[in-house]
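J.: This structure is in structure tokens; I'll ask about it shortly.
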Amino acid sequence: MLIERIKFFTLLVLFFTHSLSHADEVNIAVAANFKGPMQHIAPAFEQATGHKAVIAYGTVGKFYAQIHNGAPFDVLISADRETPARLEQDGLALAESRFTYAIGKLVLWSAQPGFVDGRGNVLIQSDFKHLAIANPKVAVYGAAAFDTLSKLGLNKHLQSRFVLGENITQAYQFVSTGNAELGFVAWSQIYEEGRKVQGSYWVVPEDLYPRIRQDAVLLVRGKDNDAAKDLLTYLGSDAAKSIIRRYGYDN
């Protein structure tokens, strides 16, 4: 009996060792604004496929530079459509793999209830000291915020109050911690399961900034990686789309 148990245990160890050695892994660069949905999509993807998702969150501008410098990403889930298209032109992404997985929305938000009105007049009327914005040079939502302020004729008027975050996550943190009275963030950061976080907000009209079409693409490094291909397929599935809509995106 003891010998049989040892043999059985040895077989189990060999089985799991073999399975782990053949497990497919995908390295994913994910735009910071998509962190909330991705935290639900990744485990669902892993459960459905058996693959492992290794995720890095950040700004698409920095990801673009990192991919050019040989960063080991297989997939880019971007906050725009321009960066994946540029990577295609650079020969670093596969054009036939690119698709729009979500349409993002910009909001002006304050952690203080009643601080932001439903028409954005707070930008003109309120005596606030700090306005958080993601760095427009590397963050898509930061660029959208600057476009909004330009169309409203408020860029120069409010420039001295800008607090620039490295990405949209940091802009959100400035507001949530009270280091800025209000700021431009992604709708997905304050909306989940049809509920809004505490505070007050203005959903910026879409005619005040270019449409935030968010594309995903398979990078050349991942062209032979089944896990990378399956991740993009899963991102376009009904299961993933349902999660994405719960965060206020259109798709």
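Note on naming: chains are A, B, ... as they come in the structure tokens, residues start from 1 per chain, ligands start from 1 in the order shown.
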Considering only C-alpha atoms, tabulate each residue of segment 133-204 of chain A that lies at most 10 Å from segment 23-45 of chain A along with its nearest interatomic pair and the corresponding distance in Å to one decimal; arrange the rows by chain and ascending residue number and present them as a tab-separated table.
T.:
residue	atom	partner	partner_atom	distance
A:Ala139	CA	A:Ala31	CA	8.9
A:Val140	CA	A:Ala31	CA	9.3
A:Tyr141	CA	A:Asn33	CA	8.4
A:Asn167	CA	A:Ala32	CA	6.9
A:Ile168	CA	A:Asn33	CA	6.2
A:Thr169	CA	A:Ala32	CA	6.1
A:Gln170	CA	A:Ala32	CA	9.3
A:Tyr172	CA	A:Asn33	CA	9.8
A:Val185	CA	A:Asn33	CA	8.4
A:Ala186	CA	A:Asn33	CA	6.2
A:Trp187	CA	A:Asn33	CA	8.8
A:Ser188	CA	A:Asn33	CA	7.0
A:Gln189	CA	A:Asn33	CA	7.0
A:Ile190	CA	A:Gly36	CA	9.9
A:Tyr191	CA	A:Gly36	CA	9.6
A:Glu192	CA	A:Gly36	CA	8.5
J.: Give the strand (DSSP E) residues of segment 98-186 of chain A, as assigned by DSSP on the backbone, as a list in words.
T.: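 Matching residues for strand (DSSP E) in segment 98-186 of chain A are Phe99, Thr100, Tyr101, Ala102, Ile103, Gly104, Leu106, Val107, Leu108, Trp109, Ser110, Leu131, Ala132, Ile133, Ala134, Phe162, Val163, Leu164, Gly165, Leu182, Gly183, Phe184, Val185 and Ala186 of chain A.
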J.: Put those residues in a file: C-alpha atoms, as a compact mmCIF listing (two decimals), in the first residue's frame.
T.:
# COMPACT_ATOMS: atom_id res chain seq x y z
CA PHE A 99 -10.23 45.97 -33.08
CA THR A 100 -12.15 48.47 -30.95
CA TYR A 101 -13.09 46.91 -27.63
CA ALA A 102 -14.56 50.01 -25.91
CA ILE A 103 -15.53 53.66 -26.33
CA GLY A 104 -14.35 55.73 -23.37
CA LEU A 106 -14.50 61.72 -19.96
CA VAL A 107 -15.95 63.16 -16.74
CA LEU A 108 -15.16 66.06 -14.44
CA TRP A 109 -15.31 64.69 -10.90
CA SER A 110 -14.99 65.85 -7.32
CA LEU A 131 -7.63 70.76 -11.10
CA ALA A 132 -6.20 67.27 -11.68
CA ILE A 133 -5.47 66.22 -15.24
CA ALA A 134 -3.49 63.28 -16.64
CA PHE A 162 -3.40 72.24 -13.15
CA VAL A 163 -2.05 69.29 -11.20
CA LEU A 164 -0.67 66.83 -13.75
CA GLY A 165 -0.80 63.12 -13.02
CA LEU A 182 -11.75 68.25 -8.80
CA GLY A 183 -10.27 66.65 -11.88
CA PHE A 184 -10.87 65.07 -15.25
CA VAL A 185 -11.02 61.27 -15.00
CA ALA A 186 -12.38 58.34 -16.95
J.: Excluding same-chain residues fewer than 5 positions from Asp127 of chain A, what lies within 12 Å of it counting only C-alpha atoms, as a list in words?
T.: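 Residues near the query, excluding close chain neighbours: Phe115, Val116, Asn121, Val122, Leu158, Arg161, Glu181 and Leu182 of chain A.
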J.: Can I get the selection written as a PDB file, in the first residue's frame, with N, CA and C atoms?
T.:
ATOM      1  N   PHE A 115     -20.172  69.552  -5.295  1.00  0.00           N
ATOM      2  CA  PHE A 115     -19.139  70.498  -5.726  1.00  0.00           C
ATOM      3  C   PHE A 115     -19.183  70.723  -7.233  1.00  0.00           C
ATOM      4  N   VAL A 116     -19.354  69.653  -7.985  1.00  0.00           N
ATOM      5  CA  VAL A 116     -19.436  69.755  -9.445  1.00  0.00           C
ATOM      6  C   VAL A 116     -20.895  69.730  -9.862  1.00  0.00           C
ATOM      7  N   ASN A 121     -20.291  74.084 -14.935  1.00  0.00           N
ATOM      8  CA  ASN A 121     -20.096  75.505 -14.649  1.00  0.00           C
ATOM      9  C   ASN A 121     -19.122  75.741 -13.501  1.00  0.00           C
ATOM     10  N   VAL A 122     -18.847  74.708 -12.738  1.00  0.00           N
ATOM     11  CA  VAL A 122     -17.888  74.820 -11.649  1.00  0.00           C
ATOM     12  C   VAL A 122     -16.533  75.314 -12.152  1.00  0.00           C
ATOM     13  N   LEU A 158      -7.170  78.535 -16.497  1.00  0.00           N
ATOM     14  CA  LEU A 158      -7.031  77.551 -15.424  1.00  0.00           C
ATOM     15  C   LEU A 158      -5.642  76.926 -15.339  1.00  0.00           C
ATOM     16  N   ARG A 161      -3.737  76.276 -12.180  1.00  0.00           N
ATOM     17  CA  ARG A 161      -4.334  75.377 -11.191  1.00  0.00           C
ATOM     18  C   ARG A 161      -4.159  73.899 -11.551  1.00  0.00           C
ATOM     19  N   GLU A 181      -9.332  69.547  -5.658  1.00  0.00           N
ATOM     20  CA  GLU A 181     -10.770  69.622  -5.403  1.00  0.00           C
ATOM     21  C   GLU A 181     -11.586  68.911  -6.473  1.00  0.00           C
ATOM     22  N   LEU A 182     -11.057  68.912  -7.703  1.00  0.00           N
ATOM     23  CA  LEU A 182     -11.754  68.246  -8.801  1.00  0.00           C
ATOM     24  C   LEU A 182     -10.742  67.879  -9.872  1.00  0.00           C
TER      25      LEU A 182
END
J.: Determine, counting only C-alpha atoms, which protein, DNA and RNA residues have an atom within 12 Å of an atom of segment 214-216 of chain A; residues of the same chain fewer than 5 positions away are not included. Present the result as a short mmCIF file (atom, residue, chain, number, x, y, z; two decimals) with N, CA and C atoms, in the first residue's frame.
T.:
data_model
loop_
_atom_site.label_atom_id
_atom_site.label_comp_id
_atom_site.auth_asym_id
_atom_site.auth_seq_id
_atom_site.Cartn_x
_atom_site.Cartn_y
_atom_site.Cartn_z
N ILE A 28 0.53 41.39 -20.98
CA ILE A 28 -0.41 42.38 -21.52
C ILE A 28 -0.10 43.77 -20.99
N ALA A 29 0.01 44.73 -21.90
CA ALA A 29 0.12 46.14 -21.54
C ALA A 29 -1.28 46.74 -21.60
N VAL A 30 -1.78 47.23 -20.46
CA VAL A 30 -3.17 47.69 -20.37
C VAL A 30 -3.22 49.16 -19.97
N ALA A 31 -3.98 49.95 -20.73
CA ALA A 31 -4.15 51.36 -20.41
C ALA A 31 -4.73 51.51 -19.01
N ALA A 32 -4.23 52.50 -18.27
CA ALA A 32 -4.61 52.66 -16.86
C ALA A 32 -6.11 52.82 -16.66
N ASN A 33 -6.80 53.47 -17.60
CA ASN A 33 -8.24 53.69 -17.43
C ASN A 33 -9.03 52.39 -17.47
N PHE A 34 -8.43 51.33 -18.00
CA PHE A 34 -9.14 50.06 -18.16
C PHE A 34 -8.83 49.08 -17.03
N VAL A 60 -0.44 54.86 -22.47
CA VAL A 60 -0.13 54.30 -23.79
C VAL A 60 1.12 54.94 -24.37
N ASP A 74 3.01 40.97 -25.25
CA ASP A 74 2.40 40.22 -26.36
C ASP A 74 1.17 40.94 -26.92
N VAL A 75 0.48 41.68 -26.05
CA VAL A 75 -0.77 42.34 -26.42
C VAL A 75 -0.78 43.75 -25.83
N LEU A 76 -1.31 44.70 -26.60
CA LEU A 76 -1.55 46.05 -26.08
C LEU A 76 -3.05 46.30 -26.06
N ILE A 77 -3.58 46.62 -24.88
CA ILE A 77 -4.97 47.05 -24.75
C ILE A 77 -4.90 48.54 -24.48
N SER A 78 -5.10 49.30 -25.53
CA SER A 78 -4.80 50.73 -25.52
C SER A 78 -5.99 51.58 -25.08
N ALA A 79 -5.68 52.86 -24.80
CA ALA A 79 -6.73 53.83 -24.48
C ALA A 79 -7.10 54.66 -25.69
N ASP A 80 -6.49 54.34 -26.84
CA ASP A 80 -6.78 55.08 -28.08
C ASP A 80 -6.69 54.13 -29.26
N ARG A 81 -6.89 54.65 -30.44
CA ARG A 81 -6.72 53.85 -31.65
C ARG A 81 -5.42 54.20 -32.36
N GLU A 82 -4.89 55.39 -32.06
CA GLU A 82 -3.71 55.88 -32.76
C GLU A 82 -2.45 55.08 -32.43
N THR A 83 -2.28 54.75 -31.14
CA THR A 83 -1.05 54.05 -30.75
C THR A 83 -0.96 52.65 -31.37
N PRO A 84 -2.02 51.83 -31.32
CA PRO A 84 -1.93 50.54 -32.02
C PRO A 84 -1.67 50.71 -33.52
N ALA A 85 -2.28 51.73 -34.13
CA ALA A 85 -2.07 51.96 -35.56
C ALA A 85 -0.61 52.35 -35.84
N ARG A 86 -0.03 53.16 -34.97
CA ARG A 86 1.38 53.54 -35.14
C ARG A 86 2.29 52.32 -35.00
N LEU A 87 1.96 51.44 -34.06
CA LEU A 87 2.77 50.23 -33.88
C LEU A 87 2.68 49.33 -35.12
N GLU A 88 1.51 49.32 -35.77
CA GLU A 88 1.37 48.57 -37.02
C GLU A 88 2.30 49.15 -38.08
N ALA A 93 3.22 45.52 -34.62
CA ALA A 93 1.90 44.96 -34.31
C ALA A 93 1.26 44.44 -35.59
N LEU A 94 0.32 43.50 -35.43
CA LEU A 94 -0.33 42.87 -36.58
C LEU A 94 -1.65 43.55 -36.87
N ALA A 95 -1.73 44.17 -38.04
CA ALA A 95 -2.89 44.99 -38.40
C ALA A 95 -4.19 44.22 -38.36
N GLU A 96 -4.17 42.98 -38.83
CA GLU A 96 -5.41 42.20 -38.92
C GLU A 96 -5.98 41.84 -37.55
N SER A 97 -5.20 42.04 -36.51
CA SER A 97 -5.66 41.67 -35.16
C SER A 97 -6.35 42.81 -34.43
N ARG A 98 -6.21 44.03 -34.93
CA ARG A 98 -6.67 45.21 -34.17
C ARG A 98 -8.19 45.36 -34.24
N PHE A 99 -8.80 45.70 -33.12
CA PHE A 99 -10.23 45.97 -33.08
C PHE A 99 -10.55 46.90 -31.92
N THR A 100 -11.70 47.57 -32.01
CA THR A 100 -12.15 48.47 -30.95
C THR A 100 -12.92 47.67 -29.91
N TYR A 101 -12.44 47.68 -28.68
CA TYR A 101 -13.09 46.91 -27.63
C TYR A 101 -13.97 47.78 -26.73
N ALA A 102 -13.77 49.13 -26.78
CA ALA A 102 -14.56 50.01 -25.91
C ALA A 102 -14.48 51.45 -26.41
N ILE A 103 -15.52 52.22 -26.09
CA ILE A 103 -15.53 53.66 -26.33
C ILE A 103 -15.54 54.34 -24.96
N GLY A 104 -14.49 55.12 -24.68
CA GLY A 104 -14.35 55.73 -23.37
C GLY A 104 -15.09 57.05 -23.24
N LYS A 105 -15.32 57.47 -22.00
CA LYS A 105 -16.01 58.73 -21.72
C LYS A 105 -15.22 59.51 -20.68
N VAL A 140 -4.19 59.57 -22.97
CA VAL A 140 -5.27 59.92 -23.89
C VAL A 140 -6.35 60.76 -23.20
N TYR A 141 -6.71 60.37 -21.97
CA TYR A 141 -7.75 61.11 -21.27
C TYR A 141 -7.27 62.50 -20.85
N ALA A 228 -1.96 34.74 -26.17
CA ALA A 228 -2.16 36.11 -26.62
C ALA A 228 -3.35 36.20 -27.58
N LYS A 229 -3.40 35.25 -28.51
CA LYS A 229 -4.51 35.24 -29.47
C LYS A 229 -5.84 34.97 -28.77
N LEU A 231 -6.55 35.66 -25.69
CA LEU A 231 -6.90 36.82 -24.87
C LEU A 231 -7.68 37.83 -25.70
N LEU A 232 -7.22 38.10 -26.92
CA LEU A 232 -7.93 39.05 -27.79
C LEU A 232 -9.30 38.52 -28.18
N THR A 233 -9.38 37.23 -28.42
CA THR A 233 -10.68 36.62 -28.73
C THR A 233 -11.62 36.77 -27.55
N TYR A 234 -11.11 36.53 -26.35
CA TYR A 234 -11.95 36.64 -25.15
C TYR A 234 -12.37 38.08 -24.92
N LEU A 235 -11.48 39.03 -25.19
CA LEU A 235 -11.80 40.45 -25.00
C LEU A 235 -12.98 40.87 -25.88
N GLY A 236 -13.14 40.20 -27.00
CA GLY A 236 -14.24 40.53 -27.89
C GLY A 236 -15.48 39.67 -27.67
N ILE A 244 -17.29 45.05 -19.55
CA ILE A 244 -16.90 46.38 -20.00
C ILE A 244 -18.05 47.36 -19.89
N TYR A 249 -18.52 51.92 -20.21
CA TYR A 249 -18.03 52.05 -21.59
C TYR A 249 -19.14 51.67 -22.57
N ASP A 250 -19.06 52.19 -23.76
CA ASP A 250 -19.85 51.68 -24.88
C ASP A 250 -18.99 50.68 -25.63
N ASN A 251 -19.64 49.69 -26.24
CA ASN A 251 -18.88 48.75 -27.06
C ASN A 251 -19.80 48.07 -28.07
#
J.: So, with only C-alpha atoms as the atoms that count, which of A:Ser176, A:Thr148, A:Asn69, A:Gln47 lies closest to Arg211 of chain A?
T.: A:Thr148
J.: With distances taken over only C-alpha atoms, which of A:Asn225, A:Ser242, A:Ser200, A:Ser150 is nearest to Gly118 of chain A?
T.: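 Among the listed residues, A:Ser200 lies closest to Gly118 of chain A.
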J.: What is the atom CA of Ala56 of chain A to atom CA of Phe73 of chain A distance in Å?
T.: 9.1 Å
J.: How would you write, as a compact mmCIF listing (two decimals) with C-alpha atoms, in the first residue's frame, the set of residues in segment 18-219 of chain A that DSSP gives as helix (DSSP H, G or I)?
T.:
# COMPACT_ATOMS: atom_id res chain seq x y z
CA HIS A 18 4.13 18.83 -16.86
CA SER A 19 0.99 20.98 -16.90
CA LEU A 20 2.77 24.00 -15.45
CA SER A 21 5.69 23.66 -17.85
CA ALA A 32 -4.61 52.66 -16.86
CA ASN A 33 -8.24 53.69 -17.43
CA PHE A 34 -9.14 50.06 -18.16
CA LYS A 35 -7.80 48.67 -14.88
CA GLY A 36 -11.24 48.18 -13.28
CA PRO A 37 -12.74 46.01 -16.05
CA MET A 38 -9.45 44.16 -16.62
CA GLN A 39 -9.35 43.07 -12.98
CA HIS A 40 -12.55 41.13 -13.69
CA ILE A 41 -11.75 40.06 -17.26
CA ALA A 42 -8.32 38.57 -16.47
CA PRO A 43 -9.46 35.94 -13.93
CA ALA A 44 -12.48 35.07 -16.08
CA PHE A 45 -10.15 34.60 -19.06
CA GLU A 46 -7.81 32.42 -17.00
CA GLN A 47 -10.66 30.26 -15.76
CA ALA A 48 -12.14 29.88 -19.24
CA THR A 49 -8.88 29.08 -21.05
CA VAL A 60 -0.13 54.30 -23.79
CA GLY A 61 2.58 56.85 -24.53
CA LYS A 62 5.01 55.07 -22.24
CA PHE A 63 3.95 51.66 -23.50
CA TYR A 64 4.67 52.79 -27.05
CA ALA A 65 8.22 53.74 -26.09
CA GLN A 66 8.71 50.55 -24.07
CA ILE A 67 7.52 48.32 -26.92
CA HIS A 68 9.95 50.09 -29.26
CA GLU A 82 -3.71 55.88 -32.76
CA THR A 83 -1.05 54.05 -30.75
CA PRO A 84 -1.93 50.54 -32.02
CA ALA A 85 -2.07 51.96 -35.56
CA ARG A 86 1.38 53.54 -35.14
CA LEU A 87 2.77 50.23 -33.88
CA GLU A 88 1.37 48.57 -37.02
CA GLN A 89 3.12 51.14 -39.20
CA ALA A 95 -2.89 44.99 -38.40
CA GLU A 96 -5.41 42.20 -38.92
CA SER A 97 -5.66 41.67 -35.16
CA VAL A 122 -17.89 74.82 -11.65
CA LEU A 123 -14.91 75.41 -13.96
CA ILE A 124 -15.97 79.04 -14.34
CA GLN A 125 -17.81 79.86 -11.15
CA VAL A 140 -5.27 59.92 -23.89
CA TYR A 141 -7.75 61.11 -21.27
CA GLY A 142 -5.41 63.95 -20.36
CA ALA A 143 -5.36 65.04 -24.00
CA ALA A 144 -9.16 64.84 -24.06
CA ALA A 145 -9.31 67.06 -20.97
CA PHE A 146 -7.08 69.65 -22.62
CA ASP A 147 -9.22 69.57 -25.77
CA THR A 148 -12.30 70.13 -23.62
CA LEU A 149 -10.81 73.11 -21.84
CA SER A 150 -9.60 74.56 -25.15
CA LYS A 151 -13.08 74.38 -26.65
CA ASN A 155 -7.00 76.53 -20.84
CA LYS A 156 -5.07 79.72 -20.12
CA HIS A 157 -7.49 80.79 -17.39
CA LEU A 158 -7.03 77.55 -15.42
CA GLN A 159 -3.46 76.63 -16.33
CA SER A 160 -2.00 77.79 -13.01
CA ARG A 161 -4.33 75.38 -11.19
CA ILE A 168 -5.41 58.81 -15.39
CA THR A 169 -5.05 56.66 -12.26
CA GLN A 170 -2.87 59.27 -10.62
CA ALA A 171 -5.28 62.04 -11.65
CA TYR A 172 -8.05 60.07 -9.96
CA GLN A 173 -5.92 59.63 -6.84
CA PHE A 174 -5.29 63.38 -6.60
CA VAL A 175 -9.04 63.97 -6.45
CA SER A 176 -9.97 60.99 -4.26
CA TRP A 187 -16.06 57.55 -16.44
CA SER A 188 -15.05 53.93 -15.79
CA GLN A 189 -13.16 55.03 -12.67
CA GLU A 206 -18.71 64.13 -26.47
CA ASP A 207 -18.58 67.06 -28.89
CA LEU A 208 -15.98 68.74 -26.67
J.: Tell me which of A:Glu166, A:Ser237, A:Val217, A:Pro113 sits closest to Tyr57 of chain A, counting only C-alpha atoms.
T.: A:Glu166
J.: What is the atom CA of Ala180 of chain A to atom CA of Lys129 of chain A distance in Å?
T.: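 Calculated distance between atom CA of Ala180 of chain A and atom CA of Lys129 of chain A is 7.4 Å.
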